[in-house]
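Q: Below is the file input-v9.txt, with compact mmCIF, C-alpha atoms (C1' of nucleotides).
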```txt
# COMPACT_ATOMS: atom_id res chain seq x y z
CA MET R 1 202.06 55.05 143.31
CA ARG R 2 203.00 51.51 142.37
CA GLY R 3 202.89 51.66 138.60
CA TRP R 4 199.59 50.60 137.18
CA GLY R 5 201.11 48.52 134.42
CA ASP R 6 202.85 46.08 136.76
CA GLU R 7 203.33 42.46 135.88
CA HIS R 8 201.74 41.14 139.02
CA MET R 9 199.14 42.22 141.47
CA ARG R 10 197.61 41.06 144.68
CA ILE R 11 194.07 39.93 145.16
CA GLY R 12 192.72 43.38 145.97
CA GLU R 13 193.79 44.92 142.70
CA LEU R 14 192.57 41.99 140.64
CA SER R 15 189.29 42.22 142.47
CA GLU R 16 188.92 45.88 141.60
CA ARG R 17 189.98 45.50 138.02
CA THR R 18 187.60 42.65 137.35
CA GLY R 19 184.77 43.71 139.60
CA THR R 20 184.95 40.34 141.30
CA PRO R 21 184.75 39.84 145.07
CA ARG R 22 187.98 38.51 146.55
CA ARG R 23 185.99 35.61 147.91
CA LEU R 24 185.23 34.49 144.39
CA LEU R 25 188.79 34.84 143.18
CA ARG R 26 189.76 32.40 145.92
CA TYR R 27 186.84 30.21 144.98
CA TYR R 28 187.86 30.08 141.32
CA GLU R 29 191.31 29.12 142.45
CA GLU R 30 189.91 26.39 144.66
CA GLN R 31 188.02 25.10 141.63
CA GLY R 32 191.21 25.03 139.64
CA LEU R 33 190.26 27.78 137.22
CA ILE R 34 193.18 30.04 138.05
CA LEU R 35 196.51 29.29 139.60
CA PRO R 36 198.17 32.40 141.06
CA ASP R 37 201.61 32.02 142.54
CA ARG R 38 202.51 33.12 146.01
CA CYS R 39 204.78 35.78 147.40
CA ALA R 40 207.13 35.00 150.27
CA ASN R 41 204.30 36.47 152.32
CA GLY R 42 201.81 33.84 151.48
CA TYR R 43 199.95 36.55 149.56
CA ARG R 44 198.56 35.51 146.20
CA SER R 45 200.30 37.09 143.20
CA TYR R 46 198.30 37.40 140.01
CA ASP R 47 199.76 37.79 136.57
CA GLU R 48 198.43 40.59 134.42
CA ARG R 49 196.89 38.11 131.99
CA LEU R 50 194.59 36.78 134.68
CA VAL R 51 192.48 39.89 134.37
CA ASP R 52 191.15 38.70 131.05
CA ARG R 53 190.91 35.15 132.20
CA VAL R 54 188.79 36.11 135.19
CA LEU R 55 186.50 38.17 132.99
CA GLN R 56 186.16 35.20 130.69
CA ILE R 57 185.37 32.91 133.57
CA ARG R 58 182.72 35.29 134.81
CA GLY R 59 181.21 35.52 131.37
CA LEU R 60 180.96 31.79 131.10
CA LEU R 61 179.55 31.43 134.59
CA ASP R 62 177.03 34.11 133.82
CA ALA R 63 176.12 32.22 130.69
CA GLY R 64 175.23 29.24 132.80
CA LEU R 65 178.25 26.98 132.61
CA PRO R 66 179.42 25.34 135.82
CA THR R 67 183.01 25.68 136.97
CA ARG R 68 183.61 22.01 136.33
CA ILE R 69 182.99 22.52 132.61
CA ILE R 70 184.76 25.85 132.45
CA LYS R 71 187.82 24.18 133.87
CA GLN R 72 187.76 21.73 131.00
CA ILE R 73 187.33 24.17 128.18
CA LEU R 74 189.68 26.90 129.39
CA PRO R 75 192.86 25.07 128.40
CA CYS R 76 191.64 24.85 124.80
CA LEU R 77 191.18 28.60 124.62
CA ASP R 78 194.50 29.50 126.17
CA LYS R 79 196.86 28.38 123.50
CA PRO R 80 195.69 30.26 120.40
CA ARG R 81 197.36 27.96 117.89
CA LEU R 82 199.63 26.15 120.26
CA ILE R 83 197.30 23.23 120.40
CA HIS R 84 198.48 20.61 122.80
CA PHE R 85 197.26 17.24 121.76
CA SER R 86 198.67 15.74 124.87
CA ASP R 87 195.48 15.59 126.90
CA ALA R 88 193.06 15.32 123.98
CA THR R 89 191.65 12.02 125.11
CA PRO R 90 188.61 10.68 123.28
CA GLU R 91 186.37 11.37 126.27
CA MET R 92 187.66 14.91 126.42
CA VAL R 93 186.82 15.39 122.78
CA ALA R 94 183.38 13.97 123.40
CA THR R 95 182.87 16.28 126.35
CA LEU R 96 183.89 19.26 124.28
CA GLU R 97 181.63 18.33 121.38
CA ASN R 98 178.79 17.83 123.76
CA GLU R 99 179.41 21.14 125.45
CA ARG R 100 179.80 22.94 122.16
CA ASP R 101 176.37 21.68 121.14
CA ARG R 102 174.87 22.72 124.44
CA MET R 103 176.34 26.16 123.97
CA THR R 104 174.94 26.37 120.48
CA ARG R 105 171.50 25.53 121.76
CA ARG R 106 171.87 28.08 124.50
CA ILE R 107 172.92 30.70 122.00
CA GLU R 108 169.91 29.97 119.84
CA CYS R 109 167.54 30.17 122.75
CA LEU R 110 169.05 33.38 124.02
CA THR R 111 169.09 34.95 120.58
CA ARG R 112 165.51 34.03 119.88
CA ASN R 113 164.30 35.47 123.13
CA ARG R 114 166.48 38.52 123.03
CA ASP R 115 165.19 39.34 119.58
CA ALA R 116 161.66 38.97 120.84
CA ILE R 117 162.41 41.38 123.63
CA SER R 118 163.95 43.80 121.16
CA GLU R 119 160.89 43.57 118.99
CA TYR R 120 158.67 44.24 121.95
CA LEU R 121 160.76 47.19 123.04
CA ASP R 122 160.77 48.62 119.54
CA ALA R 123 157.03 48.37 119.39
CA VAL R 124 156.59 49.96 122.77
CA LEU R 125 159.04 52.77 122.12
CA ASN R 126 157.95 53.63 118.61
CA ASN R 127 154.21 53.71 118.46
CA HIS R 128 153.57 54.07 122.13
CA ALA R 129 151.52 57.19 121.31
CA THR R 130 148.74 54.85 120.20
CA SER R 131 148.19 53.56 123.71
CA MET A 1 143.28 5.63 124.83
CA ARG A 2 142.49 9.21 125.67
CA GLY A 3 143.36 10.90 122.37
CA TRP A 4 146.87 12.19 122.23
CA GLY A 5 145.92 15.50 120.66
CA ASP A 6 143.79 16.64 123.55
CA GLU A 7 143.46 20.24 124.56
CA HIS A 8 144.50 19.62 128.12
CA MET A 9 146.67 17.23 130.01
CA ARG A 10 147.65 16.46 133.54
CA ILE A 11 151.03 16.94 135.05
CA GLY A 12 152.30 13.48 134.14
CA GLU A 13 151.80 13.94 130.43
CA LEU A 14 153.29 17.41 130.40
CA SER A 15 156.22 16.05 132.32
CA GLU A 16 156.80 13.33 129.74
CA ARG A 17 156.33 15.59 126.77
CA THR A 18 158.76 18.18 128.05
CA GLY A 19 161.19 15.91 129.84
CA THR A 20 160.64 17.92 132.97
CA PRO A 21 160.20 16.40 136.44
CA ARG A 22 156.76 17.02 137.90
CA ARG A 23 158.43 18.66 140.82
CA LEU A 24 159.74 21.37 138.56
CA LEU A 25 156.45 21.93 136.82
CA ARG A 26 154.99 22.68 140.23
CA TYR A 27 157.98 24.83 141.02
CA TYR A 28 157.59 26.88 137.85
CA GLU A 29 153.98 27.38 138.77
CA GLU A 30 154.94 28.49 142.26
CA GLN A 31 157.31 31.01 140.67
CA GLY A 32 154.49 32.32 138.54
CA LEU A 33 155.90 31.14 135.22
CA ILE A 34 152.93 29.00 134.30
CA LEU A 35 149.36 29.08 135.49
CA PRO A 36 147.55 25.80 134.87
CA ASP A 37 143.92 25.60 135.79
CA ARG A 38 142.46 22.93 138.02
CA CYS A 39 140.03 20.10 137.47
CA ALA A 40 137.25 19.48 139.95
CA ASN A 41 139.71 16.98 141.37
CA GLY A 42 142.25 19.48 142.36
CA TYR A 43 144.45 18.02 139.63
CA ARG A 44 146.36 20.53 137.53
CA SER A 45 145.16 20.82 133.93
CA TYR A 46 147.68 22.05 131.40
CA ASP A 47 146.82 23.60 128.09
CA GLU A 48 148.54 22.22 125.04
CA ARG A 49 150.41 25.47 124.51
CA LEU A 50 152.19 25.05 127.79
CA VAL A 51 154.40 22.40 126.23
CA ASP A 52 156.23 25.05 124.25
CA ARG A 53 156.22 27.45 127.11
CA VAL A 54 157.82 24.96 129.45
CA LEU A 55 160.48 24.18 126.88
CA GLN A 56 161.15 27.87 126.53
CA ILE A 57 161.41 28.28 130.27
CA ARG A 58 163.86 25.42 130.47
CA GLY A 59 165.94 26.88 127.69
CA LEU A 60 166.15 30.22 129.43
CA LEU A 61 166.94 28.62 132.76
CA ASP A 62 169.64 26.58 131.11
CA ALA A 63 171.01 29.76 129.60
CA GLY A 64 171.46 31.16 133.06
CA LEU A 65 168.45 33.38 133.58
CA PRO A 66 166.75 33.20 136.97
CA THR A 67 163.03 32.56 137.22
CA ARG A 68 162.47 36.09 138.49
CA ILE A 69 163.70 37.50 135.19
CA ILE A 70 162.04 34.87 133.06
CA LYS A 71 158.77 35.77 134.66
CA GLN A 72 159.23 39.34 133.53
CA ILE A 73 160.16 38.67 129.96
CA LEU A 74 157.74 35.86 129.20
CA PRO A 75 154.70 38.12 128.87
CA CYS A 76 156.45 40.08 126.11
CA LEU A 77 157.01 36.96 124.09
CA ASP A 78 153.53 35.59 124.43
CA LYS A 79 151.57 38.02 122.36
CA PRO A 80 153.28 37.93 118.98
CA ARG A 81 151.94 41.24 117.74
CA LEU A 82 149.26 41.74 120.33
CA ILE A 83 151.46 44.05 122.29
CA HIS A 84 149.82 45.13 125.48
CA PHE A 85 151.02 48.55 126.46
CA SER A 86 149.08 48.34 129.66
CA ASP A 87 151.88 47.27 131.94
CA ALA A 88 154.74 48.82 130.02
CA THR A 89 155.84 51.00 132.90
CA PRO A 90 159.11 52.90 132.51
CA GLU A 91 160.85 50.63 135.04
CA MET A 92 159.66 47.59 133.15
CA VAL A 93 161.08 49.00 129.96
CA ALA A 94 164.34 49.72 131.74
CA THR A 95 164.44 46.21 133.12
CA LEU A 96 163.87 44.76 129.69
CA GLU A 97 166.52 46.91 128.07
CA ASN A 98 168.92 45.96 130.78
CA GLU A 99 168.15 42.30 130.39
CA ARG A 100 168.36 42.46 126.63
CA ASP A 101 171.86 43.88 126.95
CA ARG A 102 172.87 41.23 129.43
CA MET A 103 171.61 38.59 127.05
CA THR A 104 173.55 40.15 124.21
CA ARG A 105 176.71 40.06 126.27
CA ARG A 106 176.01 36.46 127.19
CA ILE A 107 175.49 35.56 123.56
CA GLU A 108 178.76 37.19 122.60
CA CYS A 109 180.66 35.40 125.32
CA LEU A 110 179.12 32.07 124.50
CA THR A 111 179.70 32.51 120.79
CA ARG A 112 183.29 33.52 121.25
CA ASN A 113 184.04 30.54 123.44
CA ARG A 114 182.05 28.08 121.44
CA ASP A 115 183.91 29.13 118.32
CA ALA A 116 187.18 28.67 120.13
CA ILE A 117 186.13 25.18 121.12
CA SER A 118 185.11 24.45 117.56
CA GLU A 119 188.46 25.65 116.34
CA TYR A 120 190.23 23.48 118.82
CA LEU A 121 188.14 20.47 117.90
CA ASP A 122 188.76 21.05 114.21
CA ALA A 123 192.45 21.22 114.82
CA VAL A 124 192.45 18.10 116.92
CA LEU A 125 190.31 16.12 114.53
CA ASN A 126 191.96 17.22 111.30
CA ASN A 127 195.69 17.25 111.72
CA HIS A 128 195.91 15.10 114.76
CA ALA A 129 198.40 12.97 112.84
CA THR A 130 200.99 15.67 113.48
CA SER A 131 201.01 15.02 117.20
C1' DT E 1 136.94 -4.85 146.85
C1' DG E 2 141.69 -4.53 146.53
C1' DC E 3 145.56 -2.81 144.24
C1' DA E 4 148.17 0.10 140.97
C1' DT E 5 148.81 4.41 139.44
C1' DC E 6 148.07 8.82 139.08
C1' DC E 7 147.54 13.21 141.63
C1' DC E 8 147.85 16.38 145.79
C1' DT E 9 150.62 19.12 149.59
C1' DC E 10 154.37 19.66 152.69
C1' DA E 11 158.89 19.57 153.89
C1' DC E 12 163.46 18.55 154.33
C1' DA E 13 167.94 17.72 151.56
C1' DT E 14 171.61 18.82 148.11
C1' DG E 15 174.83 21.18 145.08
C1' DG E 16 176.75 25.28 143.16
C1' DA E 17 177.81 30.21 143.32
C1' DT E 18 178.08 33.71 146.52
C1' DG E 19 177.82 36.59 151.10
C1' DT E 20 179.80 37.47 155.50
C1' DG E 21 182.49 37.46 159.39
C1' DA E 22 185.86 35.92 162.80
C1' DA E 23 190.70 35.46 164.22
C1' DG E 24 195.14 36.42 163.01
C1' DG E 25 199.58 37.67 160.26
C1' DA E 26 202.07 41.27 157.14
C1' DT E 27 202.96 45.99 155.58
C1' DG E 28 203.38 50.67 155.92
C1' DC E 29 202.44 55.29 157.56
C1' DG E 30 201.95 58.79 161.48
C1' DC U 1 205.19 52.25 168.69
C1' DG U 2 200.17 52.23 167.37
C1' DC U 3 196.90 52.01 163.95
C1' DA U 4 194.97 51.23 159.32
C1' DT U 5 194.83 48.35 155.64
C1' DC U 6 195.85 44.66 153.21
C1' DC U 7 196.33 39.72 153.23
C1' DT U 8 195.65 34.73 155.08
C1' DT U 9 192.41 30.53 156.37
C1' DC U 10 188.20 28.59 158.14
C1' DA U 11 183.51 28.20 158.49
C1' DC U 12 178.93 29.07 158.59
C1' DA U 13 174.91 31.33 155.94
C1' DT U 14 172.07 32.36 151.80
C1' DC U 15 169.76 31.85 147.28
C1' DC U 16 168.20 29.14 143.69
C1' DA U 17 167.22 25.07 140.93
C1' DT U 18 166.48 20.51 141.86
C1' DG U 19 166.00 15.78 144.31
C1' DT U 20 163.36 12.94 147.27
C1' DG U 21 160.08 11.06 150.13
C1' DA U 22 156.21 10.83 153.35
C1' DG U 23 151.27 10.81 153.97
C1' DG U 24 146.98 10.91 151.74
C1' DG U 25 143.18 11.49 148.17
C1' DA U 26 141.29 10.15 143.32
C1' DT U 27 140.80 7.02 139.42
C1' DG U 28 140.41 2.84 137.26
C1' DC U 29 141.12 -1.92 136.37
C1' DA U 30 140.98 -7.08 137.84
```
As C-alpha cells, how would this structure be written, given the file I've shared?
A:
Amino acid sequence: MRGWGDEHMRIGELSERTGTPRRLLRYYEEQGLILPDRCANGYRSYDERLVDRVLQIRGLLDAGLPTRIIKQILPCLDKPRLIHFSDATPEMVATLENERDRMTRRIECLTRNRDAISEYLDAVLNNHATS
Amino acid sequence: MRGWGDEHMRIGELSERTGTPRRLLRYYEEQGLILPDRCANGYRSYDERLVDRVLQIRGLLDAGLPTRIIKQILPCLDKPRLIHFSDATPEMVATLENERDRMTRRIECLTRNRDAISEYLDAVLNNHATS
DNA sequence: TGCATCCCTCACATGGATGTGAAGGATGCG
DNA sequence: CGCATCCTTCACATCCATGTGAGGGATGCA
C-alpha cells in the first residue's frame, strides 16, 4: 500500500529500485558517498533523490572509478549551477583535472574497442553466409 | 647495444616500453591475454606487436573490464579485416553484443560525468572572481 | 672467477568491491 | 501472543588486480 511516490524509503526499497544489494548501500554510506538520515528506529531513511545518485555511483564504479574518487567528484555534479567555490582548493582542482583526463582516455579506449567489436559483429552477422 | 628495433624482446624491455610491472606481464599471460614464446633459456620472448597489445589490455583493464572479458574480445580486434568465423558461436556473439552494450553504457556514464566535471572546472576557473 | 643483472617459478600479502551469515531489535499481521 | 519480515551491526570470506620477496638459474662483464 504505502504510496509509491513517497519522499523517503528504507534500505529495502532503495535496494529494489536500484538493483543494488543492501550490503552495498551500507558500504557506499561507509565510504561517504551517500548520507541517509535515520528514523527514530535506527533504520536508514533514504530520500527519493538518492535513487539517481546510487545509479550514478554504480555507473561510475562500473566504469572503473574507485569510491575515493567518486566521493570527490560527486559534489561537483550535485549542484547544477549552484557552484560552491568554498572547497575548490587548488589541489582539488588539480585532482579533478587529472581525473577528467583519465576519464577522457578511458572513454577513448572504450569507444575504440567497442567500435571494433561492433565492426566485428556487423561482419559476422551480415555476410556470415560466406563461412 | 642490441638494436632497439628488434623483432623480439625479453620481459624487462617490454615492461619498460609499456610501463607495466613484469609481474603483470606474467599475470596477463597466465590469464591467456598474451602468449609469448620462449627462448632456449626458458626466458619469455615477446614480439614487437605485443607492445600495443599490452597497452590495449591496460587501457581496457583501467576502463573496468575484467581479464576474462578482455580475453574474449581481444581476438575480434586482432584481425582487422581477417575475420575468422570459425569460433563465432552464437553464445560468443551474444556475449559480444552484451559486452558492447555494457561498454556503451559505460561510455555514456563516463561522458556525462566527465562533461559535468569539465563544466564545473570551467565555472571555477573562469568566474572564480565572483566567489 | 666473482659479481651484477637479468630471468625463472612459487607463494604469500594487500586493497577494493562484494558475498554471506550470525545475533538481535523493530514492525506488523494472524 | 507467535511468527514473518524488515531492519541493525559485526565480521569473516571471496574475487581480482597488484605488490613483494625468496630461492635459484642464465648471461655477461671486470
Q: Using all atoms listed in the file and a cut-off of 12 Å, which residues of chain U sit close to chain R? Please list them as a PyMOL selection string.
A: chain U and resi 5-9
Q: Pick out the closest residue to chain E from this set: R:Gln56, R:Thr111, R:Thr67, R:Thr18. Count all atoms listed in the file.
A: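 Among R:Gln56, R:Thr111, R:Thr67, R:Thr18, it is R:Thr67 that comes nearest to chain E.
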Q: Could you tell me which residues of chain R sit within 9 Å of chain A when counting only C-alpha atoms, and give me the result as a short mmCIF file (atom, residue, chain, number, x, y, z; two decimals) with C-alpha atoms, in the frame of the given file?
A:
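Once everything was written out, this is part33.cif:
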```cif
data_model
loop_
_atom_site.label_atom_id
_atom_site.label_comp_id
_atom_site.auth_asym_id
_atom_site.auth_seq_id
_atom_site.Cartn_x
_atom_site.Cartn_y
_atom_site.Cartn_z
CA GLN R 56 186.16 35.20 130.69
CA GLY R 59 181.21 35.52 131.37
CA LEU R 60 180.96 31.79 131.10
CA LEU R 61 179.55 31.43 134.59
CA ASP R 62 177.03 34.11 133.82
CA ALA R 63 176.12 32.22 130.69
CA GLY R 64 175.23 29.24 132.80
CA LEU R 65 178.25 26.98 132.61
CA ILE R 73 187.33 24.17 128.18
CA LEU R 74 189.68 26.90 129.39
CA CYS R 76 191.64 24.85 124.80
CA LEU R 77 191.18 28.60 124.62
CA PRO R 80 195.69 30.26 120.40
CA ARG R 81 197.36 27.96 117.89
CA ILE R 83 197.30 23.23 120.40
CA HIS R 84 198.48 20.61 122.80
CA PHE R 85 197.26 17.24 121.76
CA SER R 86 198.67 15.74 124.87
CA ALA R 88 193.06 15.32 123.98
CA VAL R 93 186.82 15.39 122.78
CA LEU R 96 183.89 19.26 124.28
CA GLU R 97 181.63 18.33 121.38
CA GLU R 99 179.41 21.14 125.45
CA ARG R 100 179.80 22.94 122.16
CA ASP R 101 176.37 21.68 121.14
CA MET R 103 176.34 26.16 123.97
CA THR R 104 174.94 26.37 120.48
CA ARG R 105 171.50 25.53 121.76
CA ARG R 106 171.87 28.08 124.50
CA ILE R 107 172.92 30.70 122.00
CA GLU R 108 169.91 29.97 119.84
CA CYS R 109 167.54 30.17 122.75
CA LEU R 110 169.05 33.38 124.02
CA THR R 111 169.09 34.95 120.58
CA ASN R 113 164.30 35.47 123.13
CA ARG R 114 166.48 38.52 123.03
CA ASP R 115 165.19 39.34 119.58
CA ALA R 116 161.66 38.97 120.84
CA ILE R 117 162.41 41.38 123.63
CA SER R 118 163.95 43.80 121.16
CA TYR R 120 158.67 44.24 121.95
CA LEU R 121 160.76 47.19 123.04
CA ALA R 123 157.03 48.37 119.39
CA VAL R 124 156.59 49.96 122.77
CA LEU R 125 159.04 52.77 122.12
CA HIS R 128 153.57 54.07 122.13
CA SER R 131 148.19 53.56 123.71
#
```
Q: Please produce chain R as a compact mmCIF listing (two decimals) with C-alpha atoms, in the frame of the given file once it has been superposed on chain A, the fit using all Cα atoms paired in sequence order.
A:
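Once written, out-v8.txt looks like this:
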```txt
# COMPACT_ATOMS: atom_id res chain seq x y z
CA MET R 1 144.19 5.36 124.41
CA ARG R 2 143.28 8.93 125.30
CA GLY R 3 144.00 10.74 122.07
CA TRP R 4 147.45 12.20 121.94
CA GLY R 5 146.32 15.48 120.45
CA ASP R 6 144.13 16.45 123.41
CA GLU R 7 143.67 20.03 124.46
CA HIS R 8 144.68 19.46 128.04
CA MET R 9 146.89 17.13 129.95
CA ARG R 10 147.84 16.39 133.49
CA ILE R 11 151.21 16.92 135.04
CA GLY R 12 152.54 13.49 134.15
CA GLU R 13 152.07 13.91 130.43
CA LEU R 14 153.49 17.41 130.40
CA SER R 15 156.44 16.10 132.34
CA GLU R 16 157.08 13.40 129.77
CA ARG R 17 156.60 15.63 126.79
CA THR R 18 158.95 18.29 128.08
CA GLY R 19 161.42 16.07 129.87
CA THR R 20 160.84 18.09 133.01
CA PRO R 21 160.41 16.56 136.47
CA ARG R 22 156.94 17.10 137.90
CA ARG R 23 158.57 18.78 140.85
CA LEU R 24 159.85 21.51 138.59
CA LEU R 25 156.55 22.02 136.83
CA ARG R 26 155.06 22.75 140.25
CA TYR R 27 158.01 24.95 141.05
CA TYR R 28 157.59 27.00 137.87
CA GLU R 29 153.97 27.42 138.78
CA GLU R 30 154.89 28.54 142.27
CA GLN R 31 157.19 31.11 140.68
CA GLY R 32 154.37 32.36 138.54
CA LEU R 33 155.80 31.21 135.24
CA ILE R 34 152.87 29.00 134.31
CA LEU R 35 149.30 29.02 135.47
CA PRO R 36 147.55 25.69 134.83
CA ASP R 37 143.90 25.43 135.74
CA ARG R 38 142.49 22.75 137.95
CA CYS R 39 140.13 19.88 137.38
CA ALA R 40 137.32 19.19 139.83
CA ASN R 41 139.83 16.73 141.24
CA GLY R 42 142.33 19.28 142.29
CA TYR R 43 144.57 17.85 139.56
CA ARG R 44 146.45 20.40 137.49
CA SER R 45 145.27 20.69 133.88
CA TYR R 46 147.77 21.96 131.35
CA ASP R 47 146.90 23.48 128.02
CA GLU R 48 148.67 22.13 124.97
CA ARG R 49 150.49 25.42 124.45
CA LEU R 50 152.27 25.05 127.76
CA VAL R 51 154.52 22.44 126.23
CA ASP R 52 156.32 25.10 124.26
CA ARG R 53 156.24 27.53 127.10
CA VAL R 54 157.88 25.06 129.45
CA LEU R 55 160.57 24.31 126.90
CA GLN R 56 161.17 28.02 126.55
CA ILE R 57 161.40 28.45 130.28
CA ARG R 58 163.90 25.64 130.51
CA GLY R 59 165.95 27.13 127.73
CA LEU R 60 166.10 30.45 129.47
CA LEU R 61 166.92 28.89 132.82
CA ASP R 62 169.63 26.86 131.18
CA ALA R 63 170.96 30.04 129.67
CA GLY R 64 171.39 31.46 133.12
CA LEU R 65 168.35 33.64 133.66
CA PRO R 66 166.62 33.45 137.02
CA THR R 67 162.91 32.76 137.25
CA ARG R 68 162.28 36.26 138.51
CA ILE R 69 163.51 37.71 135.22
CA ILE R 70 161.92 35.03 133.08
CA LYS R 71 158.61 35.89 134.66
CA GLN R 72 159.04 39.46 133.52
CA ILE R 73 160.01 38.81 129.95
CA LEU R 74 157.60 35.97 129.19
CA PRO R 75 154.56 38.21 128.81
CA CYS R 76 156.33 40.19 126.08
CA LEU R 77 156.95 37.05 124.06
CA ASP R 78 153.46 35.66 124.38
CA LYS R 79 151.52 38.12 122.34
CA PRO R 80 153.25 38.05 118.95
CA ARG R 81 151.92 41.39 117.76
CA LEU R 82 149.23 41.84 120.33
CA ILE R 83 151.40 44.14 122.33
CA HIS R 84 149.75 45.21 125.52
CA PHE R 85 151.00 48.56 126.57
CA SER R 86 149.05 48.31 129.74
CA ASP R 87 151.86 47.23 132.03
CA ALA R 88 154.71 48.84 130.09
CA THR R 89 155.80 51.01 132.97
CA PRO R 90 159.04 52.94 132.60
CA GLU R 91 160.79 50.69 135.12
CA MET R 92 159.63 47.65 133.21
CA VAL R 93 161.06 49.07 130.03
CA ALA R 94 164.30 49.79 131.83
CA THR R 95 164.41 46.26 133.19
CA LEU R 96 163.85 44.84 129.75
CA GLU R 97 166.51 47.01 128.15
CA ASN R 98 168.91 46.06 130.86
CA GLU R 99 168.15 42.39 130.47
CA ARG R 100 168.36 42.57 126.71
CA ASP R 101 171.86 43.99 127.04
CA ARG R 102 172.85 41.32 129.52
CA MET R 103 171.60 38.70 127.11
CA THR R 104 173.55 40.25 124.29
CA ARG R 105 176.71 40.13 126.34
CA ARG R 106 176.00 36.55 127.27
CA ILE R 107 175.46 35.65 123.64
CA GLU R 108 178.75 37.24 122.68
CA CYS R 109 180.63 35.44 125.40
CA LEU R 110 179.05 32.12 124.57
CA THR R 111 179.63 32.55 120.85
CA ARG R 112 183.24 33.51 121.30
CA ASN R 113 183.96 30.54 123.48
CA ARG R 114 181.94 28.10 121.48
CA ASP R 115 183.80 29.11 118.36
CA ALA R 116 187.06 28.59 120.16
CA ILE R 117 185.96 25.13 121.15
CA SER R 118 184.93 24.42 117.58
CA GLU R 119 188.29 25.57 116.35
CA TYR R 120 190.03 23.36 118.84
CA LEU R 121 187.90 20.38 117.91
CA ASP R 122 188.51 20.96 114.22
CA ALA R 123 192.21 21.06 114.81
CA VAL R 124 192.16 17.93 116.90
CA LEU R 125 189.95 15.99 114.52
CA ASN R 126 191.62 17.01 111.29
CA ASN R 127 195.34 16.82 111.71
CA HIS R 128 195.39 14.59 114.72
CA ALA R 129 197.66 12.24 112.73
CA THR R 130 200.49 14.67 113.45
CA SER R 131 200.42 13.93 117.15
```
Q: How many Å lie between atom CA of Pro66 of chain A and atom C1' of DT14 of chain E, rounded to one decimal?
A: 18.8 Å
Q: Counting all atoms listed in the file, collect the residues of chain E whose closest atom lies at most 10 Å from chain A, and write them out as a ChimeraX atom specification.
A: /E:6-8
Q: For atom CA of Arg53 of chain A and atom CA of Pro21 of chain A, determine how far apart the two atoms are, in Å to one decimal place.
A: 15.0 Å
